[in-house]
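Scroll down for the structure; my scribbles are underneath it.
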Amino acid sequence: MELIRHLNCPHCGTEKALSPAAILVHCDACDCAYTVNGNRANSVGTVAVLTQKKSKLSLGVTGSIEGHAFTILGQIRYGNSSDFWSEWFGITGSGQVLWLVERGPQISFLQYDEIHDIHLNYSDMVIGQSIDVGGEQFLIHAKDTAVFESFEGEIPFDISIDRSFPYISGFFKDEFAILEFCDGAIARYRQRAVSLEELGI
Ligand SMILES: [Zn+2]
């Protein structure tokens with residue numbers, strides 16, 4: 001994967017190589033975060049340094065999934081009422097974005113679909129209930145709010161620290177998925193468990 005842009009941190013001037021997908025960047029020299037727009041970098045404040053967990057995944061690690069080689073370029077730490085987890089941002093040689101979720105010892109490959117024309121009220125969601133989502137039954141296993149706590153490297157969207165996302169998680173048949181309620185829209189993230197061997201890591 002080619003890192004085609006070089007930008008300087010607007011706070012301390014440290015140069016960093018970025019992928020074409022980079023929108024929000026952490027400067028590991030001064031812990032400032034900045035957004036990237038073309039060749040312009042705008043400081044958005046400082047970020048809490050991530051406490052690293054014992055993991056085989058880290059920035060710069062390469063692997064492959066479903067035949068696509070990728071490089072990990074960023075890590076987001078989310079937390080909910082009882083737990084925290086990492087979402088690793090990777091990019092393939094052709095510039096495709098992918099995400100791996102790491103929660104405890106388990107790693108999952110996350111696939112995002114937008115859901116259109118589905119109207120669900122977050123406040124009506126009840127754990128243990130089965131709901132209809134576009135003709136498929138979804139069994140609600142958990143209901144919580146994910147909070148964006150911190151990040152490192154680069155990520156392909158702009159988000160503010162402490163932004164929260166109400167969600168429900170559960171199952172379409174055997175498939176684990178998360179439905180996130182955000183600004184009146186619902187995003188569906190299907191998760192499939194993957195091993196390090198499968199990822200070639
Ligand atoms: Zn800096």
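Chain labels run A, B, ... following the order of the structure tokens; each chain numbers its residues from 1, and ligands are numbered from 1 in the order shown.
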Residues of chain A within 6 Å of ligand 1: nearest atom pair and distance (Å, one decimal) for each, counting only C-alpha atoms and all ligand atoms, sorted by chain and number, as JSON lines?
```
{"residue": "A:Cys9", "atom": "CA", "partner": "ligand 1", "partner_atom_place_in_ligand_line": "1 (Zn)", "distance": 4.6}
{"residue": "A:His11", "atom": "CA", "partner": "ligand 1", "partner_atom_place_in_ligand_line": "1 (Zn)", "distance": 5.0}
{"residue": "A:Cys12", "atom": "CA", "partner": "ligand 1", "partner_atom_place_in_ligand_line": "1 (Zn)", "distance": 4.1}
{"residue": "A:Gly13", "atom": "CA", "partner": "ligand 1", "partner_atom_place_in_ligand_line": "1 (Zn)", "distance": 5.9}
{"residue": "A:Thr14", "atom": "CA", "partner": "ligand 1", "partner_atom_place_in_ligand_line": "1 (Zn)", "distance": 5.5}
{"residue": "A:Cys27", "atom": "CA", "partner": "ligand 1", "partner_atom_place_in_ligand_line": "1 (Zn)", "distance": 4.6}
{"residue": "A:Ala29", "atom": "CA", "partner": "ligand 1", "partner_atom_place_in_ligand_line": "1 (Zn)", "distance": 5.0}
{"residue": "A:Cys30", "atom": "CA", "partner": "ligand 1", "partner_atom_place_in_ligand_line": "1 (Zn)", "distance": 4.1}
{"residue": "A:Cys32", "atom": "CA", "partner": "ligand 1", "partner_atom_place_in_ligand_line": "1 (Zn)", "distance": 5.5}
```
>> So that I can check the surroundings of Asp132 of chain A, please list as a count of residues only every protein, DNA and RNA residue that reaches within 10 Å of it, counting only C-alpha atoms and ignoring chain neighbours fewer than 6 positions away.
In response: 5
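Taking only C-alpha atoms into account, Gly67 of chain A lies nearest to A:Gly93 out of the set A:Gly93, A:Val47, A:Gly38, A:His116.
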>> I need the residue nearest Ile127 of chain A from this list: A:Gly170, A:Pro20, A:Gly74, A:Gly63. Use only C-alpha atoms for the distance.
In response: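 Comparing A:Gly170, A:Pro20, A:Gly74, A:Gly63 against Ile127 of chain A, the winner is A:Gly170.
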Do you have, as JSON lines, the list of residues of segment 16-118 of chain A lying at most 12 Å from segment 180-183 of chain A, each with its nearest atom pair and that distance in Å to one decimal, counting only C-alpha atoms and ordered by chain then number?
```
{"residue": "A:Tyr112", "atom": "CA", "partner": "A:Glu180", "partner_atom": "CA", "distance": 10.6}
{"residue": "A:Asp113", "atom": "CA", "partner": "A:Glu180", "partner_atom": "CA", "distance": 11.0}
{"residue": "A:Glu114", "atom": "CA", "partner": "A:Glu180", "partner_atom": "CA", "distance": 10.2}
{"residue": "A:Ile115", "atom": "CA", "partner": "A:Glu180", "partner_atom": "CA", "distance": 10.3}
{"residue": "A:Ile118", "atom": "CA", "partner": "A:Phe181", "partner_atom": "CA", "distance": 11.3}
```
Please write the residues from the selection above to a file, keeping N, CA and C atoms, as a PDB file, in the first residue's frame.
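Below is the file that was written, selection10.pdb:
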```pdb
ATOM      1  N   TYR A 112     -19.834  -3.606   6.790  1.00  0.00           N
ATOM      2  CA  TYR A 112     -20.833  -2.563   7.008  1.00  0.00           C
ATOM      3  C   TYR A 112     -21.831  -2.538   5.865  1.00  0.00           C
ATOM      4  N   ASP A 113     -23.119  -2.544   6.172  1.00  0.00           N
ATOM      5  CA  ASP A 113     -24.104  -2.190   5.142  1.00  0.00           C
ATOM      6  C   ASP A 113     -24.978  -1.087   5.688  1.00  0.00           C
ATOM      7  N   GLU A 114     -25.348  -0.225   4.791  1.00  0.00           N
ATOM      8  CA  GLU A 114     -26.321   0.782   5.181  1.00  0.00           C
ATOM      9  C   GLU A 114     -27.688   0.138   5.119  1.00  0.00           C
ATOM     10  N   ILE A 115     -28.558   0.494   6.040  1.00  0.00           N
ATOM     11  CA  ILE A 115     -29.914  -0.024   5.957  1.00  0.00           C
ATOM     12  C   ILE A 115     -30.821   1.133   5.618  1.00  0.00           C
ATOM     13  N   ILE A 118     -35.722   1.472   7.037  1.00  0.00           N
ATOM     14  CA  ILE A 118     -36.077   0.674   8.204  1.00  0.00           C
ATOM     15  C   ILE A 118     -36.272   1.658   9.351  1.00  0.00           C
TER      16      ILE A 118
END
```
>> Could you check the closest approach to Leu24 of chain A for each of A:Ile159, A:Ile72, A:Leu100, A:Val61 and tell me which residue wins, using only C-alpha atoms?
In response: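 Nearest to Leu24 of chain A: A:Ile159.
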> When DSSP works through the backbone of this structure, what residues of segment 19-185 of chain A end up as strand (DSSP E), shown as a ChimeraX atom specification?
Replying inline: /A:24-26,32-37,40-46,62-65,68-79,84-92,97-103,106-115,130-133,136-155,164-172,175-182,185
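Distances to Lys56 of chain A were evaluated for A:Ile178, A:Ile23, A:Ala146, A:Ile107 using only C-alpha atoms, and the minimum falls at A:Ile107.
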> Which is closer to Val36 of chain A than all the others in A:Phe89, A:Tyr189, A:Phe151, A:Phe157, using only C-alpha atoms?
Replying inline: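 The answer is A:Phe157, which sits nearest to Val36 of chain A.
The residue that comes closest to Leu50 of chain A, out of A:Asp158, A:Asp31, A:Asp144, A:Asp174 and on the basis of only C-alpha atoms, is A:Asp31.
From atom CA of Arg163 of chain A back to atom CA of Thr51 of chain A, the distance works out to 19.2 Å.
Within chain A, the backbone-based DSSP assignment of helix (DSSP H, G or I) covers Tyr122, Ser123, Asp124, Leu196, Glu197, Glu198 and Leu199 of chain A.
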> Can you list, as a PyMOL selection string, every protein, DNA or RNA residue that comes within 12 Å of Lys16 of chain A when you count only C-alpha atoms, leaving out same-chain residues fewer than 3 positions away?
Replying inline: chain A and resi 3-10+12-13+19+22+25-29+34+36+41+73+153-154
